[in-house]
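This report refers to the structure that appears directly beneath it.
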Amino acid sequence: MAEERPLARVTCTAPVNIAVIKYWGKRDNDLILPINSSLSVTLHQDQLKTTTTAAASRDFAEDRLWLNGEEADVGHPRLQACLREVSALARLYGAAGEPSEQGQPSEQGQPSEQGQPSEQGQLSEVARRGSGSACRSMMGGFVQWQRGERPDGRDSIARQVAPETHWPELRVLILVVSGEKKQVGSTAGMQTSVDTSPLLKHRAEVVVPERLALMTRHIRERDFEGFGKLTMQDSNQFHATCLDTFPPIFYLNDISRQIIALAHRFNAHHGHTKVAYTFDAGPNAVIFTLADSVAEFVEVVRRSFPPAINGDRFVRGLPVGSASLPGELLAAVVTEPVPGGIQYILHTKPGPGPQLVDDPSQHLLGADGLPRRSP
Ligand code: PMV
């Protein structure tokens, strides 16, 4: 009698994270080991998430992958590295997710000298092999990716600094400036920076270790003044290392620079740090603020960058109350309006790490292992 060979399907969602102490530069390109530690905030999946279904069966002849409904190259070295690491962890833990009995774990499972990393720490090693900064999305709240010391990367893992419940008033506004693809990808960009920027070397060796300690303290103490100021300074230094790269790399555009100036005028008007910006390898701004400042700042942004189209969909995500701006704030903060400069604002907050999806109707792959529907 032919043996029943069931198909296993698992669906999970994963969040986006935004760094407040930036990662830029690898010391090992194959293992994806960074030249400095970094720290990020995991964003809430009610507003932004990825959904992934994995299907496994002994009947499948080969690995296949679909990304947004399109079949993708499964031979990509980074994807292959992830699949290898996942298989090693699966062998170690067995189907039940418990360490296996024979489980004198070899290779991947070997406890590090500093102690066994948590299960999430081990999973962050897998994510790191796909894209470095992705390893910080394996946990919610405030997450540090430790640079690590070992050449094999076993101690280059993500650890939670504080859970998402730690700072309930913290809010995030993503100002979407342009839908354009980034000019220079992060992999190529950071390699050129490592090869040519003396500022990046100084940053990794001297500046980041001090800032990480300081940032961790600001987060623990929920000190927005300290957190916001250091977030802006670290974003600015990251972009300074891009300018110090030869040939230079530019990720900020005119609108990005206008947002920076606007945030500083807003803070100066209030006499303290009410909003803090940060920018990655592209022109979009991410603003940190506290719940009681959201409505006023959103109104300032609307006045500064009047929506060209989609006026009713200019603000998305968590609800934003209405605010009327006092005349002296308008005069001091809103200068020449730039219509259409910002496409829309997404309002979100810190959130939890990856989630398992229980509802089987949410699987993206059918019982045959093929995509169920196009997105
Ligand atoms: O993980 P990558 O290769 O996409 O690099 C991310 C780099 C930045 O987003 C600019 C900074 C960071 O720490 O996320």
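Labeling convention for the structure tokens: chains A, B, ... as they appear, residues from 1 per chain, ligands from 1 in order of appearance.
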Next on the checklist: At a cut-off of 8 Å, using only C-alpha atoms, what residues contact A:His363? Leave out same-chain residues fewer than 6 positions from it and give the result as an MDAnalysis selection string.
Outcome noted: chainID A and resid 9:11 53
Now that the selection is made, can you save its residues with N, CA and C atoms as an mmCIF file, in the first residue's frame?
```cif
data_model
loop_
_atom_site.group_PDB
_atom_site.id
_atom_site.type_symbol
_atom_site.label_atom_id
_atom_site.label_comp_id
_atom_site.auth_asym_id
_atom_site.auth_seq_id
_atom_site.Cartn_x
_atom_site.Cartn_y
_atom_site.Cartn_z
ATOM 1 N N ARG A 9 2.189 22.624 6.089
ATOM 2 C CA ARG A 9 2.171 24.037 5.688
ATOM 3 C C ARG A 9 2.204 24.926 6.922
ATOM 4 N N VAL A 10 3.013 25.927 6.883
ATOM 5 C CA VAL A 10 3.081 26.894 7.981
ATOM 6 C C VAL A 10 3.091 28.295 7.381
ATOM 7 N N THR A 11 2.272 29.181 7.967
ATOM 8 C CA THR A 11 2.256 30.574 7.508
ATOM 9 C C THR A 11 2.611 31.488 8.666
ATOM 10 N N THR A 53 4.327 31.690 3.478
ATOM 11 C CA THR A 53 3.902 30.308 3.717
ATOM 12 C C THR A 53 5.013 29.382 3.244
#
```
Next on the checklist: DSSP on the backbone, strand (DSSP E or B) only: what residues of stretch 263-317 of chain A does that give? Format it as a PyMOL selection string.
Outcome noted: chain A and resi 275-278+285-290+315-317
Just the selected residues (all heavy atoms), exported as a short mmCIF file (atom, residue, chain, number, x, y, z; two decimals), in the first residue's frame, please.
```cif
data_model
loop_
_atom_site.label_atom_id
_atom_site.label_comp_id
_atom_site.auth_asym_id
_atom_site.auth_seq_id
_atom_site.Cartn_x
_atom_site.Cartn_y
_atom_site.Cartn_z
N VAL A 275 9.95 65.83 17.80
CA VAL A 275 9.98 64.86 16.69
C VAL A 275 11.43 64.57 16.35
O VAL A 275 12.30 65.43 16.51
CB VAL A 275 9.25 65.38 15.43
CG1 VAL A 275 7.75 65.54 15.66
CG2 VAL A 275 9.86 66.68 14.92
N ALA A 276 11.68 63.33 15.89
CA ALA A 276 13.03 62.94 15.49
C ALA A 276 12.94 62.20 14.18
O ALA A 276 12.08 61.33 14.02
CB ALA A 276 13.67 62.05 16.55
N TYR A 277 13.83 62.54 13.22
CA TYR A 277 13.79 61.88 11.92
C TYR A 277 14.91 60.86 11.83
O TYR A 277 15.93 60.96 12.52
CB TYR A 277 13.96 62.92 10.80
CG TYR A 277 15.19 63.78 10.99
CD1 TYR A 277 16.46 63.31 10.63
CD2 TYR A 277 15.10 65.04 11.60
CE1 TYR A 277 17.59 64.07 10.86
CE2 TYR A 277 16.23 65.81 11.83
CZ TYR A 277 17.47 65.32 11.46
OH TYR A 277 18.60 66.06 11.70
N THR A 278 14.72 59.87 10.95
CA THR A 278 15.81 58.98 10.57
C THR A 278 15.57 58.53 9.14
O THR A 278 14.41 58.39 8.71
CB THR A 278 15.96 57.79 11.55
OG1 THR A 278 17.10 57.02 11.15
CG2 THR A 278 14.75 56.89 11.60
N ALA A 285 11.35 59.52 4.93
CA ALA A 285 11.69 59.84 6.32
C ALA A 285 10.88 58.95 7.26
O ALA A 285 9.71 58.66 6.99
CB ALA A 285 11.35 61.29 6.60
N VAL A 286 11.49 58.54 8.35
CA VAL A 286 10.75 57.91 9.45
C VAL A 286 10.87 58.86 10.64
O VAL A 286 11.98 59.26 11.00
CB VAL A 286 11.29 56.51 9.78
CG1 VAL A 286 10.56 55.92 10.98
CG2 VAL A 286 11.14 55.59 8.57
N ILE A 287 9.72 59.26 11.16
CA ILE A 287 9.68 60.22 12.26
C ILE A 287 9.25 59.49 13.53
O ILE A 287 8.24 58.78 13.53
CB ILE A 287 8.63 61.33 11.98
CG1 ILE A 287 8.90 62.03 10.64
CG2 ILE A 287 8.53 62.30 13.15
CD1 ILE A 287 10.07 62.98 10.62
N PHE A 288 10.01 59.65 14.60
CA PHE A 288 9.57 59.17 15.92
C PHE A 288 9.00 60.37 16.66
O PHE A 288 9.54 61.48 16.60
CB PHE A 288 10.74 58.61 16.73
CG PHE A 288 11.22 57.28 16.21
CD1 PHE A 288 12.31 57.20 15.37
CD2 PHE A 288 10.57 56.11 16.58
CE1 PHE A 288 12.76 55.98 14.88
CE2 PHE A 288 11.01 54.88 16.09
CZ PHE A 288 12.09 54.82 15.25
N THR A 289 7.90 60.13 17.38
CA THR A 289 7.32 61.18 18.21
C THR A 289 6.50 60.52 19.31
O THR A 289 6.45 59.29 19.39
CB THR A 289 6.49 62.17 17.35
OG1 THR A 289 6.13 63.29 18.14
CG2 THR A 289 5.26 61.53 16.75
N LEU A 290 5.87 61.32 20.17
CA LEU A 290 5.00 60.75 21.20
C LEU A 290 3.55 61.02 20.81
O LEU A 290 3.26 61.97 20.06
CB LEU A 290 5.34 61.35 22.56
CG LEU A 290 6.76 61.05 23.04
CD1 LEU A 290 7.07 61.78 24.36
CD2 LEU A 290 6.99 59.53 23.22
N VAL A 315 -3.18 60.50 5.00
CA VAL A 315 -2.76 59.90 6.26
C VAL A 315 -3.36 58.51 6.38
O VAL A 315 -4.57 58.34 6.27
CB VAL A 315 -3.18 60.77 7.45
CG1 VAL A 315 -2.66 60.17 8.75
CG2 VAL A 315 -2.66 62.19 7.30
N ARG A 316 -2.52 57.51 6.53
CA ARG A 316 -2.96 56.11 6.60
C ARG A 316 -2.50 55.47 7.90
O ARG A 316 -1.66 56.03 8.59
CB ARG A 316 -2.39 55.33 5.41
CG ARG A 316 -2.70 56.01 4.08
CD ARG A 316 -2.10 55.28 2.90
NE ARG A 316 -2.23 56.12 1.71
CZ ARG A 316 -1.88 55.76 0.48
NH1 ARG A 316 -1.36 54.56 0.26
NH2 ARG A 316 -2.04 56.58 -0.53
N GLY A 317 -3.04 54.30 8.20
CA GLY A 317 -2.61 53.58 9.39
C GLY A 317 -3.43 53.98 10.62
O GLY A 317 -4.63 54.23 10.51
#
```
Dump as a tab-separated table the rows for residues of stretch 150-204 of chain A within 10 Å of stretch 249-270 of chain A: closest atom pair and distance in Å with one decimal, only C-alpha atoms counted, ordered by chain and rising residue number.
```
residue	atom	partner	partner_atom	distance
A:Leu175	CA	A:Ile259	CA	9.0
A:Val176	CA	A:Ser256	CA	9.9
A:Val177	CA	A:Ile255	CA	7.0
A:Ser178	CA	A:Ile255	CA	9.3
A:Lys182	CA	A:Tyr251	CA	7.5
A:Gln183	CA	A:Tyr251	CA	7.3
A:Val184	CA	A:Ile249	CA	7.3
A:Gly189	CA	A:Ile249	CA	7.2
A:Met190	CA	A:Ile249	CA	9.7
A:Thr192	CA	A:Ile249	CA	9.2
A:Ser193	CA	A:Ile249	CA	8.8
```
Written file, previous selection with all heavy atoms, as a PDB file, in the first residue's frame:
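Final output, saved to part-v6.pdb:
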```pdb
ATOM      1  N   LEU A 175       7.051  58.998   6.295  1.00  0.00           N
ATOM      2  CA  LEU A 175       6.741  60.007   5.280  1.00  0.00           C
ATOM      3  C   LEU A 175       7.259  59.477   3.947  1.00  0.00           C
ATOM      4  O   LEU A 175       8.468  59.438   3.711  1.00  0.00           O
ATOM      5  CB  LEU A 175       7.412  61.341   5.632  1.00  0.00           C
ATOM      6  CG  LEU A 175       6.678  62.276   6.618  1.00  0.00           C
ATOM      7  CD1 LEU A 175       6.052  61.573   7.801  1.00  0.00           C
ATOM      8  CD2 LEU A 175       7.590  63.407   7.077  1.00  0.00           C
ATOM      9  N   VAL A 176       6.327  59.042   3.119  1.00  0.00           N
ATOM     10  CA  VAL A 176       6.729  58.415   1.849  1.00  0.00           C
ATOM     11  C   VAL A 176       6.953  59.504   0.806  1.00  0.00           C
ATOM     12  O   VAL A 176       6.025  60.166   0.367  1.00  0.00           O
ATOM     13  CB  VAL A 176       5.686  57.383   1.375  1.00  0.00           C
ATOM     14  CG1 VAL A 176       6.106  56.772   0.031  1.00  0.00           C
ATOM     15  CG2 VAL A 176       5.524  56.293   2.426  1.00  0.00           C
ATOM     16  N   VAL A 177       8.217  59.680   0.465  1.00  0.00           N
ATOM     17  CA  VAL A 177       8.636  60.777  -0.390  1.00  0.00           C
ATOM     18  C   VAL A 177       8.597  60.358  -1.846  1.00  0.00           C
ATOM     19  O   VAL A 177       8.198  61.091  -2.717  1.00  0.00           O
ATOM     20  CB  VAL A 177      10.071  61.203   0.017  1.00  0.00           C
ATOM     21  CG1 VAL A 177      10.719  62.062  -1.042  1.00  0.00           C
ATOM     22  CG2 VAL A 177      10.029  61.927   1.354  1.00  0.00           C
ATOM     23  N   SER A 178       9.025  59.141  -2.117  1.00  0.00           N
ATOM     24  CA  SER A 178       9.154  58.733  -3.508  1.00  0.00           C
ATOM     25  C   SER A 178       9.071  57.231  -3.602  1.00  0.00           C
ATOM     26  O   SER A 178       9.605  56.529  -2.753  1.00  0.00           O
ATOM     27  CB  SER A 178      10.500  59.233  -4.031  1.00  0.00           C
ATOM     28  OG  SER A 178      10.992  58.361  -5.010  1.00  0.00           O
ATOM     29  N   LYS A 182      15.806  52.427  -4.683  1.00  0.00           N
ATOM     30  CA  LYS A 182      17.004  53.122  -4.218  1.00  0.00           C
ATOM     31  C   LYS A 182      18.098  53.090  -5.284  1.00  0.00           C
ATOM     32  O   LYS A 182      18.212  52.143  -6.055  1.00  0.00           O
ATOM     33  CB  LYS A 182      17.487  52.563  -2.880  1.00  0.00           C
ATOM     34  CG  LYS A 182      17.686  51.067  -2.806  1.00  0.00           C
ATOM     35  CD  LYS A 182      17.995  50.664  -1.355  1.00  0.00           C
ATOM     36  CE  LYS A 182      17.817  49.167  -1.146  1.00  0.00           C
ATOM     37  NZ  LYS A 182      17.890  48.774   0.234  1.00  0.00           N
ATOM     38  N   GLN A 183      18.875  54.159  -5.304  1.00  0.00           N
ATOM     39  CA  GLN A 183      19.876  54.351  -6.356  1.00  0.00           C
ATOM     40  C   GLN A 183      20.983  53.296  -6.274  1.00  0.00           C
ATOM     41  O   GLN A 183      21.279  52.639  -7.244  1.00  0.00           O
ATOM     42  CB  GLN A 183      20.493  55.749  -6.233  1.00  0.00           C
ATOM     43  CG  GLN A 183      19.472  56.866  -6.363  1.00  0.00           C
ATOM     44  CD  GLN A 183      18.865  56.926  -7.753  1.00  0.00           C
ATOM     45  OE1 GLN A 183      19.572  57.068  -8.727  1.00  0.00           O
ATOM     46  NE2 GLN A 183      17.552  56.809  -7.848  1.00  0.00           N
ATOM     47  N   VAL A 184      21.600  53.209  -5.107  1.00  0.00           N
ATOM     48  CA  VAL A 184      22.684  52.247  -4.910  1.00  0.00           C
ATOM     49  C   VAL A 184      22.202  51.289  -3.831  1.00  0.00           C
ATOM     50  O   VAL A 184      21.843  51.720  -2.733  1.00  0.00           O
ATOM     51  CB  VAL A 184      23.977  52.949  -4.411  1.00  0.00           C
ATOM     52  CG1 VAL A 184      25.098  51.939  -4.205  1.00  0.00           C
ATOM     53  CG2 VAL A 184      24.406  54.031  -5.379  1.00  0.00           C
ATOM     54  N   GLY A 189      26.594  49.563  -1.765  1.00  0.00           N
ATOM     55  CA  GLY A 189      26.914  50.836  -1.113  1.00  0.00           C
ATOM     56  C   GLY A 189      27.810  50.638   0.097  1.00  0.00           C
ATOM     57  O   GLY A 189      28.848  51.285   0.222  1.00  0.00           O
ATOM     58  N   MET A 190      27.439  49.698   0.970  1.00  0.00           N
ATOM     59  CA  MET A 190      28.229  49.563   2.199  1.00  0.00           C
ATOM     60  C   MET A 190      29.620  49.001   1.905  1.00  0.00           C
ATOM     61  O   MET A 190      30.581  49.329   2.589  1.00  0.00           O
ATOM     62  CB  MET A 190      27.478  48.816   3.299  1.00  0.00           C
ATOM     63  CG  MET A 190      27.108  47.404   3.078  1.00  0.00           C
ATOM     64  SD  MET A 190      26.279  46.705   4.559  1.00  0.00           S
ATOM     65  CE  MET A 190      24.626  47.338   4.439  1.00  0.00           C
ATOM     66  N   THR A 192      31.467  49.699  -0.768  1.00  0.00           N
ATOM     67  CA  THR A 192      32.302  50.841  -1.189  1.00  0.00           C
ATOM     68  C   THR A 192      32.653  51.705   0.020  1.00  0.00           C
ATOM     69  O   THR A 192      33.776  52.208   0.137  1.00  0.00           O
ATOM     70  CB  THR A 192      31.561  51.682  -2.256  1.00  0.00           C
ATOM     71  OG1 THR A 192      30.981  50.798  -3.207  1.00  0.00           O
ATOM     72  CG2 THR A 192      32.492  52.617  -2.977  1.00  0.00           C
ATOM     73  N   SER A 193      31.706  51.871   0.948  1.00  0.00           N
ATOM     74  CA  SER A 193      31.988  52.677   2.146  1.00  0.00           C
ATOM     75  C   SER A 193      33.089  52.031   2.986  1.00  0.00           C
ATOM     76  O   SER A 193      34.001  52.714   3.454  1.00  0.00           O
ATOM     77  CB  SER A 193      30.723  52.831   3.001  1.00  0.00           C
ATOM     78  OG  SER A 193      29.709  53.512   2.303  1.00  0.00           O
TER      79      SER A 193
END
```
Next on the checklist: Counting only C-alpha atoms and all ligand atoms, what are the residues, protein, DNA or RNA alike, that approach ligand 1 to within 6 Å? I want them as a PyMOL selection string.
Outcome noted: chain A and resi 18-19+22-24+131-134+186-187+280-281
Next on the checklist: When you look at A:Pro319 with a cut-off of 10 Å (counting only C-alpha atoms), what residues show up, excluding the ones that are within fewer than 5 positions of it in the same chain? I need them as a VMD selection string.
Outcome noted: chain A and resid 294 to 295 346 to 348
